[in-house]
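Inspection log for the structure reproduced underneath, given as structure tokens.
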Amino acid sequence: VQLQASGGGVVQAGGSLRLSCAASGSIFSGNVMGWYRQAPGKQRDFVANIMGGGSTNYMDSVKGRFTISRDNAKNTMYLQMNSLKPEDTAIYYCYSRRPSVTKPDYWGQGTQVTVSS
């Protein structure tokens with residue numbers, strides 16, 4: 001397994017969760033790491049990513065609520081999710097891609113996040 005996502009669960013609206021994505025060193029160091037999510041019956045949407053140097057990008061609906069980070073010493077990426085809303089309910093997938101491409105090279109297995117109202 002090259003990407004292992006964890007940390008999903010069930011939380012009430014307004015609550016918090018922290019997702020983790022552990023990666024093998026060869027696909028972490030220097031790569032862009034990020035998250036997509038897929039709600040039932042919907043397409044997979046970009047959530048956030050973080051460059052090797054630490055710059056970040058977020059989808060508009062999570063700005064100010066989610067924070068992406070990476071620990072290069074542990075080859076692990078995190079997504080801190082605060083002020084969760086029912087519409088955040090989805091399977092969250094982590095990914096890794098080379099800086100020179102636009103599409104993910106590797107995917108994690110997904111972790112379910114359910115936010116109850």
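Chain labels follow the order of the structure tokens: the first chain is A, the next B, and so on; residue numbering restarts at 1 in every chain, and ligands are counted from 1 in their shown order.
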
For this session: Mind listing the strand (DSSP E or B) residues of chain A, per DSSP on the backbone, as number ranges by chain?
Result: A: 3-6, 9-12, 17-23, 32-38, 44-50, 56-58, 66-71, 76-81, 90-97, 106-107, 111-116

Problem set entry | Surrounding residues of Tyr58 (chain A) excluding itself and chain neighbours under 3 positions, 7 Å, only C-alpha atoms, as a ChimeraX atom specification | /A:47-49,62-63

For the residues selected in the previous step, produce a file with all heavy atoms as a short mmCIF file (atom, residue, chain, number, x, y, z; two decimals), in the first residue's frame.
```cif
data_model
loop_
_atom_site.label_atom_id
_atom_site.label_comp_id
_atom_site.auth_asym_id
_atom_site.auth_seq_id
_atom_site.Cartn_x
_atom_site.Cartn_y
_atom_site.Cartn_z
N VAL A 47 -10.66 18.93 -3.06
CA VAL A 47 -10.88 19.59 -1.78
C VAL A 47 -9.72 20.52 -1.45
O VAL A 47 -9.93 21.70 -1.18
CB VAL A 47 -11.04 18.55 -0.65
CG1 VAL A 47 -11.17 19.26 0.71
CG2 VAL A 47 -12.24 17.66 -0.90
N ALA A 48 -8.51 20.00 -1.46
CA ALA A 48 -7.34 20.79 -1.08
C ALA A 48 -6.08 20.07 -1.51
O ALA A 48 -6.09 18.85 -1.69
CB ALA A 48 -7.31 21.03 0.43
N ASN A 49 -5.01 20.85 -1.70
CA ASN A 49 -3.71 20.23 -1.91
C ASN A 49 -2.61 21.07 -1.30
O ASN A 49 -2.82 22.23 -0.92
CB ASN A 49 -3.43 19.90 -3.37
CG ASN A 49 -3.30 21.13 -4.25
OD1 ASN A 49 -3.14 22.25 -3.80
ND2 ASN A 49 -3.34 20.91 -5.56
N VAL A 62 -14.63 25.10 1.49
CA VAL A 62 -13.94 24.66 2.71
C VAL A 62 -12.94 25.69 3.22
O VAL A 62 -12.36 25.50 4.29
CB VAL A 62 -13.25 23.29 2.53
CG1 VAL A 62 -14.22 22.27 1.97
CG2 VAL A 62 -12.01 23.41 1.65
N LYS A 63 -12.74 26.75 2.48
CA LYS A 63 -11.79 27.77 2.91
C LYS A 63 -12.20 28.34 4.26
O LYS A 63 -13.37 28.66 4.49
CB LYS A 63 -11.71 28.89 1.87
CG LYS A 63 -10.96 28.51 0.61
CD LYS A 63 -10.93 29.66 -0.39
CE LYS A 63 -10.20 29.28 -1.67
NZ LYS A 63 -10.22 30.37 -2.67
#
```

Problem set entry | Interatomic distance (Å, one decimal) between CA of Asn72 (chain A) and CA of Leu3 (chain A) |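 Calculated distance between CA of Asn72 (chain A) and CA of Leu3 (chain A) is 14.3 Å.
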
For this session: Have a look at A:Gln2, A:Lys42, A:Gly14, A:Tyr95 and name the one nearest to Met77 (chain A); count only C-alpha atoms.
Result: A:Tyr95

Could you name the residues that touch Ser96 (chain A) at 9 Å or less, counting only C-alpha atoms, but leaving out those on the same chain fewer than 6 positions away, as a CSV table (one decimal) with all heavy atoms, in the first residue's frame?
```
chain,number,residue,atom,x,y,z
A,3,LEU,N,-0.5,4.6,-0.3
A,3,LEU,CA,-1.1,5.7,0.4
A,3,LEU,C,-2.2,5.1,1.2
A,3,LEU,O,-3.0,4.3,0.8
A,3,LEU,CB,-1.8,6.7,-0.7
A,3,LEU,CG,-0.9,7.6,-1.4
A,3,LEU,CD1,-1.7,8.3,-2.5
A,3,LEU,CD2,-0.3,8.6,-0.5
A,23,ALA,N,2.1,8.0,3.5
A,23,ALA,CA,2.6,7.6,2.1
A,23,ALA,C,4.0,7.0,2.2
A,23,ALA,O,4.8,7.2,3.2
A,23,ALA,CB,2.7,8.8,1.3
A,27,ILE,N,6.7,8.4,-3.0
A,27,ILE,CA,5.6,9.1,-3.7
A,27,ILE,C,5.2,10.3,-2.8
A,27,ILE,O,4.2,10.9,-3.1
A,27,ILE,CB,4.4,8.2,-3.9
A,27,ILE,CG1,3.8,7.7,-2.7
A,27,ILE,CG2,4.8,7.1,-4.9
A,27,ILE,CD1,2.5,7.0,-2.9
A,28,PHE,N,6.0,10.6,-1.8
A,28,PHE,CA,5.6,11.8,-0.9
A,28,PHE,C,6.6,12.9,-1.1
A,28,PHE,O,6.2,14.0,-1.4
A,28,PHE,CB,5.6,11.3,0.6
A,28,PHE,CG,5.1,12.4,1.5
A,28,PHE,CD1,3.8,12.4,1.8
A,28,PHE,CD2,6.0,13.3,2.1
A,28,PHE,CE1,3.3,13.4,2.7
A,28,PHE,CE2,5.5,14.3,3.0
A,28,PHE,CZ,4.2,14.3,3.3
A,31,ASN,N,6.4,15.6,-3.9
A,31,ASN,CA,5.2,15.6,-4.7
A,31,ASN,C,4.1,16.5,-4.1
A,31,ASN,O,4.2,16.9,-2.9
A,31,ASN,CB,4.7,14.1,-4.7
A,31,ASN,CG,5.3,13.3,-5.8
A,31,ASN,OD1,6.2,13.7,-6.4
A,31,ASN,ND2,4.7,12.1,-6.0
A,32,VAL,N,3.2,16.8,-4.9
A,32,VAL,CA,2.0,17.5,-4.5
A,32,VAL,C,1.0,16.4,-3.8
A,32,VAL,O,0.8,15.4,-4.4
A,32,VAL,CB,1.2,18.1,-5.7
A,32,VAL,CG1,0.0,18.8,-5.2
A,32,VAL,CG2,2.1,19.1,-6.4
A,33,MET,N,0.6,16.7,-2.6
A,33,MET,CA,-0.3,15.8,-1.9
A,33,MET,C,-1.6,16.5,-1.7
A,33,MET,O,-1.7,17.8,-1.6
A,33,MET,CB,0.3,15.5,-0.6
A,33,MET,CG,1.7,14.9,-0.6
A,33,MET,SD,1.7,13.2,-1.4
A,33,MET,CE,0.6,12.3,-0.2
A,34,GLY,N,-2.7,15.8,-1.8
A,34,GLY,CA,-4.0,16.4,-1.6
A,34,GLY,C,-5.1,15.5,-1.3
A,34,GLY,O,-5.0,14.3,-1.1
A,35,TRP,N,-6.3,16.1,-1.3
A,35,TRP,CA,-7.6,15.4,-1.0
A,35,TRP,C,-8.6,15.7,-2.1
A,35,TRP,O,-8.8,16.8,-2.5
A,35,TRP,CB,-8.1,15.7,0.3
A,35,TRP,CG,-7.2,15.4,1.5
A,35,TRP,CD1,-6.2,16.2,2.0
A,35,TRP,CD2,-7.2,14.2,2.2
A,35,TRP,NE1,-5.6,15.5,3.0
A,35,TRP,CE2,-6.2,14.3,3.2
A,35,TRP,CE3,-7.9,13.0,2.1
A,35,TRP,CZ2,-5.9,13.2,4.1
A,35,TRP,CZ3,-7.6,12.0,3.0
A,35,TRP,CH2,-6.6,12.1,4.0
A,103,LYS,N,-2.9,15.5,-13.1
A,103,LYS,CA,-3.8,14.5,-12.5
A,103,LYS,C,-3.0,13.6,-11.5
A,103,LYS,O,-1.8,13.4,-11.6
A,103,LYS,CB,-4.3,13.6,-13.6
A,103,LYS,CG,-5.3,14.3,-14.6
A,103,LYS,CD,-5.9,13.4,-15.6
A,103,LYS,CE,-6.8,14.1,-16.5
A,103,LYS,NZ,-7.4,13.2,-17.5
A,104,PRO,N,-3.7,13.1,-10.5
A,104,PRO,CA,-3.1,12.3,-9.5
A,104,PRO,C,-2.4,11.1,-10.1
A,104,PRO,O,-2.9,10.5,-11.0
A,104,PRO,CB,-4.2,11.9,-8.6
A,104,PRO,CG,-5.2,13.0,-8.7
A,104,PRO,CD,-5.1,13.4,-10.1
A,105,ASP,N,-1.2,10.8,-9.6
A,105,ASP,CA,-0.5,9.5,-9.9
A,105,ASP,C,-1.0,8.4,-9.1
A,105,ASP,O,-1.0,7.2,-9.5
A,105,ASP,CB,1.0,9.7,-9.8
A,105,ASP,CG,1.5,10.7,-10.8
A,105,ASP,OD1,1.2,10.6,-12.0
A,105,ASP,OD2,2.3,11.6,-10.4
A,106,TYR,N,-1.2,8.6,-7.8
A,106,TYR,CA,-1.6,7.6,-6.8
A,106,TYR,C,-2.8,8.0,-6.0
A,106,TYR,O,-2.9,9.2,-5.7
A,106,TYR,CB,-0.4,7.3,-5.9
A,106,TYR,CG,0.9,6.9,-6.6
A,106,TYR,CD1,1.8,7.8,-7.0
A,106,TYR,CD2,1.0,5.5,-6.9
A,106,TYR,CE1,3.0,7.4,-7.6
A,106,TYR,CE2,2.2,5.1,-7.6
A,106,TYR,CZ,3.2,6.0,-7.9
A,106,TYR,OH,4.3,5.6,-8.6
A,107,TRP,N,-3.6,7.0,-5.6
A,107,TRP,CA,-4.8,7.3,-4.8
A,107,TRP,C,-4.7,6.4,-3.5
A,107,TRP,O,-4.3,5.3,-3.6
A,107,TRP,CB,-6.1,6.9,-5.5
A,107,TRP,CG,-6.4,7.9,-6.7
A,107,TRP,CD1,-6.2,7.7,-8.0
A,107,TRP,CD2,-7.1,9.1,-6.6
A,107,TRP,NE1,-6.7,8.7,-8.7
A,107,TRP,CE2,-7.2,9.6,-7.9
A,107,TRP,CE3,-7.6,9.8,-5.5
A,107,TRP,CZ2,-7.9,10.8,-8.1
A,107,TRP,CZ3,-8.3,11.1,-5.7
A,107,TRP,CH2,-8.4,11.5,-7.0
A,108,GLY,N,-5.2,7.0,-2.4
A,108,GLY,CA,-5.4,6.2,-1.3
A,108,GLY,C,-6.8,5.5,-1.4
A,108,GLY,O,-7.5,5.7,-2.3
```

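Ranking A:Ser16, A:Ser6, A:Ser24, A:Gln109 by their shortest atom-to-atom distance to Lys74 (chain A), with only C-alpha atoms included, puts A:Ser24 first.
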
For this session: Name all residues at most 7 Å from Pro86 (chain A) (count only C-alpha atoms; drop same-chain ones fewer than 4 positions away) and give them as a ChimeraX atom specification.
Result: /A:13,115-117

Taking all heavy atoms for each residue, export the selection above as an mmCIF file, in the first residue's frame.
```
data_model
loop_
_atom_site.group_PDB
_atom_site.id
_atom_site.type_symbol
_atom_site.label_atom_id
_atom_site.label_comp_id
_atom_site.auth_asym_id
_atom_site.auth_seq_id
_atom_site.Cartn_x
_atom_site.Cartn_y
_atom_site.Cartn_z
ATOM 1 N N ALA A 13 -22.802 18.118 13.158
ATOM 2 C CA ALA A 13 -22.531 19.397 12.505
ATOM 3 C C ALA A 13 -21.880 20.351 13.505
ATOM 4 O O ALA A 13 -22.282 20.417 14.667
ATOM 5 C CB ALA A 13 -23.823 19.994 11.967
ATOM 6 N N VAL A 115 -21.323 13.643 8.453
ATOM 7 C CA VAL A 115 -21.672 14.749 9.343
ATOM 8 C C VAL A 115 -23.183 14.763 9.504
ATOM 9 O O VAL A 115 -23.920 14.937 8.535
ATOM 10 C CB VAL A 115 -21.180 16.093 8.783
ATOM 11 C CG1 VAL A 115 -21.464 17.209 9.793
ATOM 12 C CG2 VAL A 115 -19.694 16.030 8.467
ATOM 13 N N SER A 116 -23.630 14.566 10.714
ATOM 14 C CA SER A 116 -25.065 14.524 10.983
ATOM 15 C C SER A 116 -25.564 15.909 11.394
ATOM 16 O O SER A 116 -24.849 16.675 12.039
ATOM 17 C CB SER A 116 -25.369 13.512 12.073
ATOM 18 O OG SER A 116 -24.723 13.876 13.275
ATOM 19 N N SER A 117 -26.804 16.196 11.023
ATOM 20 C CA SER A 117 -27.370 17.522 11.329
ATOM 21 C C SER A 117 -28.061 17.531 12.676
ATOM 22 O O SER A 117 -28.280 16.498 13.293
ATOM 23 C CB SER A 117 -28.341 17.924 10.232
ATOM 24 O OG SER A 117 -29.366 16.958 10.100
#
```

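Closest approach to Ala73 (chain A) from the set A:Gln112, A:Thr56, A:Ser29, A:Gln4 is made by A:Ser29, with distances taken over only C-alpha atoms.
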
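In this structure, CA of Leu17 (chain A) sits 17.1 Å away from CA of Ala39 (chain A).
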
For this session: Fewer than 5 positions away in the same chain doesn't count, so skip those; otherwise give me all residues within 12 Å of region 8-10 of chain A, counting only C-alpha atoms, as an MDAnalysis selection string.
Result: chainID A and resid 15:21 37 78:81 84:86 88:93 109:117
